[in-house]
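J.: Here you go, this is query-v1.txt (compact mmCIF, C-alpha atoms).
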```txt
# COMPACT_ATOMS: atom_id res chain seq x y z
CA MET H 902 -31.32 82.08 98.88
CA THR H 903 -31.71 82.33 102.65
CA GLY H 904 -35.04 83.49 103.93
CA ALA H 905 -36.74 83.46 100.52
CA PRO H 906 -40.52 83.08 100.66
CA VAL H 907 -41.88 79.71 99.69
CA ALA H 908 -44.41 79.73 96.87
CA THR H 909 -46.34 76.97 95.17
CA PRO H 910 -45.71 76.59 91.41
CA ALA H 911 -48.57 77.66 89.23
CA ALA H 912 -50.77 74.68 88.42
CA PRO H 913 -53.27 74.13 85.62
CA ALA H 914 -56.71 75.48 86.43
CA ALA H 915 -58.25 72.03 86.03
CA LEU H 916 -57.03 68.50 85.49
CA ALA H 917 -58.51 67.63 82.11
CA PRO H 918 -59.04 63.94 81.25
CA LEU H 919 -56.04 62.34 79.57
CA SER H 920 -56.19 60.75 76.14
CA GLU H 921 -54.93 57.19 75.76
CA PRO H 922 -51.18 57.18 75.10
CA ALA H 923 -49.55 55.07 72.43
CA ASP H 924 -47.65 52.12 73.87
CA GLU H 925 -44.34 53.52 72.65
CA ASP H 926 -44.99 56.82 74.44
CA LEU H 927 -46.00 55.17 77.70
CA GLU H 928 -43.01 52.84 77.46
CA LEU H 929 -40.64 55.79 77.07
CA LEU H 930 -42.28 57.79 79.84
CA LEU H 931 -41.88 54.85 82.20
CA LEU H 932 -38.32 54.17 81.09
CA ILE H 933 -37.29 57.69 82.05
CA ARG H 934 -39.22 57.54 85.34
CA HIS H 935 -37.71 54.24 86.45
CA PHE H 936 -34.24 55.20 85.22
CA GLU H 937 -34.32 58.34 87.35
CA SER H 938 -35.70 56.50 90.36
CA LYS H 939 -32.96 53.88 89.98
CA LEU H 940 -30.31 56.61 90.04
CA LEU H 941 -31.61 57.86 93.38
CA ASP H 942 -31.58 54.28 94.69
CA LEU H 943 -27.98 53.82 93.53
CA PHE H 944 -26.94 57.04 95.24
CA GLY H 945 -28.54 55.82 98.42
CA GLN H 946 -26.50 52.62 98.16
CA GLY H 947 -23.27 54.58 97.67
CA ALA H 948 -22.85 53.16 94.16
CA LEU H 949 -22.50 56.54 92.41
CA ASN H 950 -20.08 59.43 92.76
CA GLY H 951 -20.57 63.12 92.15
CA THR H 952 -24.05 64.50 91.74
CA THR H 953 -27.03 64.14 89.45
CA HIS H 954 -30.28 65.97 88.83
CA THR H 955 -33.32 63.88 87.97
CA CYS H 956 -36.31 65.01 85.92
CA LEU H 957 -38.96 63.16 87.93
CA GLY H 958 -42.31 64.69 87.01
CA GLN H 959 -41.03 66.33 83.84
CA GLU H 960 -40.54 63.23 81.69
CA TYR H 961 -43.49 64.01 79.43
CA VAL H 962 -41.82 67.17 78.07
CA PRO H 963 -39.11 65.51 75.94
CA VAL H 964 -41.37 62.55 75.18
CA SER H 965 -43.95 64.95 73.73
CA LEU H 966 -41.33 66.66 71.60
CA ARG H 967 -39.67 63.44 70.40
CA PRO H 968 -41.59 62.89 67.13
CA LEU H 969 -41.58 66.63 66.38
CA LEU H 970 -37.79 66.64 66.17
CA ASP H 971 -35.90 64.80 63.44
CA GLU H 972 -32.34 63.54 63.05
CA ARG H 973 -31.22 66.76 61.37
CA ASP H 974 -32.14 68.82 64.42
CA TYR H 975 -29.66 69.65 67.15
CA VAL H 976 -30.68 69.24 70.79
CA PHE H 977 -28.99 71.16 73.60
CA SER H 978 -29.78 69.85 77.05
CA ASN H 979 -28.98 71.01 80.57
CA HIS H 980 -28.10 69.67 84.02
CA ARG H 981 -31.47 67.92 84.31
CA GLY H 982 -31.15 66.17 80.99
CA HIS H 983 -31.45 62.39 81.35
CA GLY H 984 -34.98 62.45 79.95
CA HIS H 985 -33.85 64.54 77.00
CA TYR H 986 -31.13 62.02 76.17
CA LEU H 987 -33.32 58.95 76.60
CA SER H 988 -36.05 60.48 74.45
CA ARG H 989 -33.51 61.13 71.72
CA TYR H 990 -31.69 57.77 71.79
CA ARG H 991 -33.41 55.32 74.17
CA ASP H 992 -30.01 54.22 75.43
CA PRO H 993 -30.37 53.65 79.19
CA ALA H 994 -27.39 51.29 79.38
CA GLY H 995 -25.03 53.78 77.72
CA LEU H 996 -26.26 56.64 79.88
CA LEU H 997 -26.03 54.68 83.13
CA ALA H 998 -22.56 53.46 82.17
CA GLU H 999 -21.58 57.10 81.60
CA ILE H 1000 -22.88 58.12 85.01
CA MET H 1001 -21.20 55.13 86.71
CA GLY H 1002 -17.97 55.38 84.71
CA ARG H 1003 -18.27 51.88 83.26
CA GLN H 1004 -17.49 50.35 79.90
CA GLY H 1005 -20.06 51.15 77.24
CA ALA H 1006 -20.39 54.74 78.47
CA VAL H 1007 -21.52 57.36 75.95
CA CYS H 1008 -18.44 59.54 76.55
CA SER H 1009 -16.10 56.99 78.16
CA GLY H 1010 -17.26 58.09 81.60
CA VAL H 1011 -15.66 61.55 81.50
CA GLY H 1012 -18.92 63.48 81.07
CA GLY H 1013 -20.92 61.93 83.86
CA SER H 1014 -24.50 62.93 84.48
CA GLN H 1015 -24.44 66.44 83.07
CA HIS H 1016 -21.97 66.70 80.18
CA ILE H 1017 -22.74 64.43 77.25
CA LEU H 1018 -21.92 64.71 73.56
CA ARG H 1019 -23.43 62.35 71.02
CA ASP H 1020 -24.02 63.14 67.38
CA ARG H 1021 -26.21 66.28 67.41
CA TYR H 1022 -26.95 66.16 71.13
CA LEU H 1023 -25.03 68.11 73.78
CA SER H 1024 -25.77 68.63 77.46
CA THR H 1025 -24.06 70.95 79.91
CA GLY H 1026 -24.42 71.80 83.57
CA VAL H 1027 -23.54 75.45 82.99
CA GLN H 1028 -26.73 77.49 83.18
CA GLY H 1029 -27.50 79.38 79.98
CA GLU H 1030 -24.34 78.28 78.18
CA SER H 1031 -26.18 76.34 75.50
CA LEU H 1032 -28.34 79.13 74.09
CA PRO H 1033 -25.63 81.26 72.41
CA VAL H 1034 -24.11 78.08 70.99
CA ALA H 1035 -27.54 76.98 69.79
CA VAL H 1036 -27.96 80.28 67.94
CA GLY H 1037 -24.63 79.74 66.17
CA VAL H 1038 -25.59 76.19 65.24
CA GLY H 1039 -28.95 77.46 64.03
CA LEU H 1040 -27.23 79.91 61.71
CA HIS H 1041 -25.21 77.02 60.32
CA GLN H 1042 -28.42 75.05 59.81
CA VAL H 1043 -29.97 77.89 57.82
CA ARG H 1044 -27.09 77.71 55.36
CA ALA H 1045 -26.37 73.98 55.36
CA GLU H 1046 -29.69 72.26 56.07
CA PRO H 1047 -32.69 74.56 55.53
CA GLY H 1048 -35.74 73.31 57.37
CA ALA H 1049 -33.82 71.92 60.34
CA LEU H 1050 -34.06 73.53 63.75
CA VAL H 1051 -32.18 73.72 67.04
CA CYS H 1052 -33.91 72.84 70.32
CA ALA H 1053 -32.48 74.11 73.61
CA PHE H 1054 -33.91 73.00 76.96
CA ILE H 1055 -33.66 75.41 79.88
CA GLY H 1056 -35.35 75.81 83.27
CA ASP H 1057 -37.04 78.82 84.80
CA GLY H 1058 -33.93 79.58 86.87
CA THR H 1059 -31.84 80.01 83.73
CA TRP H 1060 -33.69 83.23 82.95
CA GLY H 1061 -31.36 84.84 85.47
CA GLU H 1062 -28.47 84.44 83.01
CA GLY H 1063 -27.62 87.28 80.64
CA SER H 1064 -26.66 84.89 77.87
CA VAL H 1065 -30.35 83.97 77.49
CA TYR H 1066 -31.19 87.52 76.43
CA GLU H 1067 -28.20 87.89 74.15
CA ALA H 1068 -29.24 84.67 72.43
CA LEU H 1069 -32.90 85.68 72.03
CA ASN H 1070 -31.84 89.04 70.62
CA MET H 1071 -29.57 87.45 68.03
CA ALA H 1072 -32.03 84.68 67.18
CA GLN H 1073 -34.76 87.18 66.39
CA LEU H 1074 -32.53 89.62 64.52
CA TRP H 1075 -30.88 86.92 62.43
CA ARG H 1076 -33.98 84.75 61.94
CA VAL H 1077 -32.65 81.59 63.55
CA PRO H 1078 -34.85 78.44 63.69
CA LEU H 1079 -34.50 78.12 67.47
CA LEU H 1080 -36.90 76.35 69.82
CA VAL H 1081 -36.38 77.25 73.47
CA ALA H 1082 -38.16 74.61 75.58
CA VAL H 1083 -38.58 76.05 79.07
CA GLU H 1084 -39.33 73.49 81.77
CA HIS H 1085 -40.86 75.84 84.32
CA ASN H 1086 -41.19 73.84 87.52
CA GLY H 1087 -41.45 76.94 89.70
CA ILE H 1088 -38.26 76.54 91.71
CA ALA H 1089 -34.61 77.15 90.87
CA GLN H 1090 -32.71 74.78 93.16
CA SER H 1091 -34.21 76.08 96.43
CA THR H 1092 -35.50 79.50 95.33
CA PRO H 1093 -39.13 79.86 94.15
CA ALA H 1094 -39.57 81.58 90.81
CA GLU H 1095 -41.58 84.34 92.49
CA ALA H 1096 -38.51 85.25 94.51
CA ASN H 1097 -36.06 85.48 91.62
CA MET H 1098 -38.02 86.41 88.48
CA ALA H 1099 -39.75 89.75 87.96
CA GLY H 1100 -42.41 89.55 85.29
CA THR H 1101 -43.04 86.45 83.21
CA VAL H 1102 -41.33 84.24 80.65
CA ALA H 1103 -43.88 85.41 78.09
CA GLY H 1104 -43.07 89.05 78.83
CA ARG H 1105 -39.36 88.50 78.48
CA ALA H 1106 -39.77 86.74 75.14
CA ALA H 1107 -42.06 89.54 73.95
CA ALA H 1108 -39.36 92.11 74.69
CA PHE H 1109 -37.40 90.67 71.77
CA GLY H 1110 -40.42 90.08 69.55
CA VAL H 1111 -40.05 86.30 70.03
CA ARG H 1112 -43.20 84.22 69.95
CA HIS H 1113 -44.23 82.44 73.13
CA HIS H 1114 -46.54 79.51 73.76
CA LYS H 1115 -47.45 78.10 77.16
CA VAL H 1116 -48.25 74.41 77.63
CA GLU H 1117 -50.40 73.52 80.64
CA SER H 1118 -51.16 69.88 79.81
CA VAL H 1119 -49.20 66.71 80.63
CA ASP H 1120 -51.01 64.77 77.88
CA VAL H 1121 -48.43 63.93 75.21
CA ASN H 1122 -51.08 63.77 72.48
CA VAL H 1123 -52.53 67.17 73.35
CA ILE H 1124 -49.10 68.75 73.55
CA ARG H 1125 -48.07 67.48 70.13
CA THR H 1126 -51.28 68.75 68.57
CA GLU H 1127 -50.57 72.18 70.02
CA LEU H 1128 -46.91 72.31 69.06
CA ALA H 1129 -46.73 70.62 65.65
CA PRO H 1130 -47.88 73.68 63.65
CA LEU H 1131 -45.75 76.01 65.75
CA LEU H 1132 -42.59 73.99 65.14
CA GLY H 1133 -43.51 73.90 61.48
CA GLN H 1134 -43.41 77.69 61.51
CA VAL H 1135 -40.03 77.68 63.23
CA ARG H 1136 -38.67 75.55 60.39
CA ALA H 1137 -40.39 77.32 57.50
CA GLU H 1138 -40.14 80.92 58.67
CA ARG H 1139 -36.83 80.67 60.57
CA ALA H 1140 -38.56 82.25 63.53
CA PRO H 1141 -37.47 81.55 67.13
CA LEU H 1142 -40.09 80.25 69.53
CA VAL H 1143 -40.21 79.99 73.32
CA VAL H 1144 -42.41 77.14 74.57
CA GLU H 1145 -43.02 77.31 78.31
CA PHE H 1146 -44.06 74.04 79.93
CA ALA H 1147 -45.84 74.62 83.24
CA THR H 1148 -44.49 71.48 84.86
CA HIS H 1149 -43.83 70.03 88.31
CA ARG H 1150 -40.67 68.51 89.74
CA VAL H 1151 -41.75 65.69 92.04
CA GLY H 1152 -38.21 64.65 92.97
CA PRO H 1153 -35.38 66.46 94.75
CA HIS H 1154 -33.21 69.17 93.25
CA SER H 1155 -30.22 66.82 93.37
CA LYS H 1156 -30.13 63.48 95.16
CA GLY H 1157 -31.93 64.09 98.47
CA ASP H 1158 -31.81 67.86 98.81
CA ASP H 1159 -35.48 68.78 98.45
CA THR H 1160 -36.08 71.94 100.47
CA ARG H 1161 -39.76 72.32 99.66
CA PRO H 1162 -42.41 71.84 102.34
CA ARG H 1163 -44.32 68.57 102.20
CA VAL H 1164 -47.56 70.22 101.15
CA GLN H 1165 -45.86 71.63 98.07
CA VAL H 1166 -44.37 68.28 97.08
CA ASP H 1167 -47.76 66.63 97.57
CA ARG H 1168 -49.36 69.20 95.29
CA ALA H 1169 -46.79 68.46 92.61
CA ARG H 1170 -47.55 64.75 92.89
CA GLU H 1171 -51.27 65.41 92.40
CA HIS H 1172 -50.42 66.77 88.94
CA ASP H 1173 -47.83 64.10 88.14
CA TRP H 1174 -48.43 62.30 84.83
CA TYR H 1175 -47.41 58.99 86.42
CA GLY H 1176 -50.33 58.74 88.82
CA ARG H 1177 -52.78 60.28 86.38
CA TYR H 1178 -51.99 57.84 83.56
CA ARG H 1179 -52.03 54.94 86.00
CA THR H 1180 -55.52 55.90 87.17
CA ALA H 1181 -56.87 56.63 83.69
CA PHE H 1182 -55.50 53.53 81.92
CA PRO H 1183 -54.73 50.96 84.64
CA GLU H 1184 -54.41 47.80 82.52
CA GLN H 1185 -52.12 49.33 79.90
CA PHE H 1186 -50.13 51.16 82.57
CA GLU H 1187 -49.52 48.20 84.87
CA ARG H 1188 -48.42 46.00 81.97
CA TRP H 1189 -45.76 48.44 80.83
CA ASP H 1190 -44.83 49.63 84.31
CA ALA H 1191 -43.82 46.16 85.47
CA LYS H 1192 -41.98 45.41 82.23
CA ILE H 1193 -39.93 48.62 82.24
CA ARG H 1194 -39.17 48.45 85.96
CA ALA H 1195 -37.69 44.98 85.44
CA GLU H 1196 -35.77 46.15 82.39
CA VAL H 1197 -34.16 49.02 84.30
CA ASP H 1198 -33.27 46.73 87.22
CA GLU H 1199 -31.52 44.34 84.84
CA ILE H 1200 -29.64 47.17 83.11
CA ALA H 1201 -28.43 48.45 86.47
CA ARG H 1202 -27.15 45.00 87.46
CA ASP H 1203 -25.37 44.60 84.13
CA VAL H 1204 -23.73 48.03 84.14
CA ALA H 1205 -22.63 47.75 87.78
CA GLY H 1206 -20.77 44.55 86.91
CA ARG H 1207 -18.79 46.06 84.05
CA PRO H 1208 -15.14 47.14 84.37
CA PRO H 1209 -14.30 50.85 84.53
CA ALA H 1210 -14.51 52.85 81.32
CA VAL H 1211 -11.27 53.86 79.60
CA TRP H 1212 -11.00 57.27 77.91
CA SER H 1213 -10.64 56.83 74.17
CA GLY H 1214 -9.86 60.47 73.42
CA SER H 1215 -13.25 61.10 71.82
CA CYS H 1216 -16.97 60.84 72.54
CA GLU H 1217 -17.62 59.47 69.07
```
Written as structure tokens, that's how I'd like the structure from this file.
T.:
Amino acid sequence: MTGAPVATPAAPAALAPLSEPADEDLELLLLIRHFESKLLDLFGQGALNGTTHTCLGQEYVPVSLRPLLDERDYVFSNHRGHGHYLSRYRDPAGLLAEIMGRQGAVCSGVGGSQHILRDRYLSTGVQGESLPVAVGVGLHQVRAEPGALVCAFIGDGTWGEGSVYEALNMAQLWRVPLLVAVEHNGIAQSTPAEANMAGTVAGRAAAFGVRHHKVESVDVNVIRTELAPLLGQVRAERAPLVVEFATHRVGPHSKGDDTRPRVQVDRAREHDWYGRYRTAFPEQFERWDAKIRAEVDEIARDVAGRPPAVWSGSCE
């Protein structure tokens, strides 16, 4: 959007102390961070084709939700979905092979960075497409597997799509166990939320009678404590829920196309979980950081040396 005013994403009022993360949570957070950073390095080397959208700064969102979702639940991801996939499966080699079109790819290399199907996980680069499908799947879950839910990840920019409102309307009317996880990083590609969204996410959810909860923290333990009872209600009461994560994207929109002024990027980095956990728990952090960085480097070398993937006719 040419000439749009530049605004700084809303930030938490204060940076509360972080609680000590479990090793498995820190390991997963760092896996996603170094995987995404490696992708940008590979693009810079000319080793990748097409495009990709990293979730740098937002890794804690799917990691926080990971133990609150079970294998019966469906997960619908979006264009910025590597962290969602890795939180679900911890399969960096399969995902990188998919992005690079190498053997061992999740979908034989035909889905690339944005379009992945595996079991009950689906990602798409089409904004808003997943929500109506998620409602239909949720209706199936009500009949076939009561107590299961459907989680759909969207960004703040996706609220410009009419399908979002159709889906919320149906989900509330038909009592669908739908969790809409909104990763609100304050900017849709290059347009600040203030320039493209009138009102608030909470107000738009309220228009359909859908419950809304806003998460300000980056602490995975705090987030789970907040959300566990709410997701329990989604399952038990078949009531849709919009959870809005006030997050920060510290990387570019796609590859190197970050249009934000430096001061805005610096502000996002001040709130980044990576630096905050490193400062709060240096010994634990450095131990896992070095280990996971080396693991991702080795995976990248291995995948780059594989022959091209061959389409098998199915992603399963």
J.: How many Å separate CA of Ala1147 (chain H) from CA of Lys1115 (chain H)?
T.: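 Rounded to one decimal, the two atoms are 7.2 Å apart.
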J.: Find the residues near Leu949 (chain H): any atom within 12 Å, counting only C-alpha atoms, skip ones fewer than 2 places away on the same chain, and give them as a ChimeraX atom specification.
T.: /H:939-947,951-953,997-1003,1013-1014,1156,1201,1204-1205
J.: Around (-54.0, 63.4, 71.7) in the file's frame, which residues reach within 9 Å when counting only C-alpha atoms? Return as an NGL selection string?
T.: :H and (919-922 or 1120-1126)
J.: Using all atoms listed in the file, determine which residues lie at most 12 Å from Pro1047 (chain H), disregarding the query and same-chain residues fewer than 2 positions distant; provide the list as a list in words.
T.: Arg973, Asp974, Gly1039, Leu1040, His1041, Gln1042, Val1043, Arg1044, Ala1045, Ala1049, Leu1050, Val1051, Val1077, Pro1078, Val1135, Arg1136, Ala1137, Glu1138 and Arg1139 of chain H
J.: So that I have them on file, write out the residues from the current selection with C-alpha atoms, as a PDB file, in the frame of the given file.
T.:
```pdb
ATOM      1  CA  ARG H 973     -31.220  66.760  61.370  1.00  0.00           C
ATOM      2  CA  ASP H 974     -32.140  68.820  64.420  1.00  0.00           C
ATOM      3  CA  GLY H1039     -28.950  77.460  64.030  1.00  0.00           C
ATOM      4  CA  LEU H1040     -27.230  79.910  61.710  1.00  0.00           C
ATOM      5  CA  HIS H1041     -25.210  77.020  60.320  1.00  0.00           C
ATOM      6  CA  GLN H1042     -28.420  75.050  59.810  1.00  0.00           C
ATOM      7  CA  VAL H1043     -29.970  77.890  57.820  1.00  0.00           C
ATOM      8  CA  ARG H1044     -27.090  77.710  55.360  1.00  0.00           C
ATOM      9  CA  ALA H1045     -26.370  73.980  55.360  1.00  0.00           C
ATOM     10  CA  ALA H1049     -33.820  71.920  60.340  1.00  0.00           C
ATOM     11  CA  LEU H1050     -34.060  73.530  63.750  1.00  0.00           C
ATOM     12  CA  VAL H1051     -32.180  73.720  67.040  1.00  0.00           C
ATOM     13  CA  VAL H1077     -32.650  81.590  63.550  1.00  0.00           C
ATOM     14  CA  PRO H1078     -34.850  78.440  63.690  1.00  0.00           C
ATOM     15  CA  VAL H1135     -40.030  77.680  63.230  1.00  0.00           C
ATOM     16  CA  ARG H1136     -38.670  75.550  60.390  1.00  0.00           C
ATOM     17  CA  ALA H1137     -40.390  77.320  57.500  1.00  0.00           C
ATOM     18  CA  GLU H1138     -40.140  80.920  58.670  1.00  0.00           C
ATOM     19  CA  ARG H1139     -36.830  80.670  60.570  1.00  0.00           C
TER      20      ARG H1139
END
```
J.: I'd like the neighbourhood of Asn1070 (chain H) as a ChimeraX atom specification, where a residue qualifies if any of its atoms comes within 9 Å (using only C-alpha atoms), though same-chain residues fewer than 6 positions away should be ignored.
T.: /H:1109-1111
J.: Please produce an output containing C-alpha atoms for each residue in the selection, written as a short mmCIF file (atom, residue, chain, number, x, y, z; two decimals), keeping the file's coordinate frame.
T.:
```
data_model
loop_
_atom_site.label_atom_id
_atom_site.label_comp_id
_atom_site.auth_asym_id
_atom_site.auth_seq_id
_atom_site.Cartn_x
_atom_site.Cartn_y
_atom_site.Cartn_z
CA PHE H 1109 -37.40 90.67 71.77
CA GLY H 1110 -40.42 90.08 69.55
CA VAL H 1111 -40.05 86.30 70.03
#
```
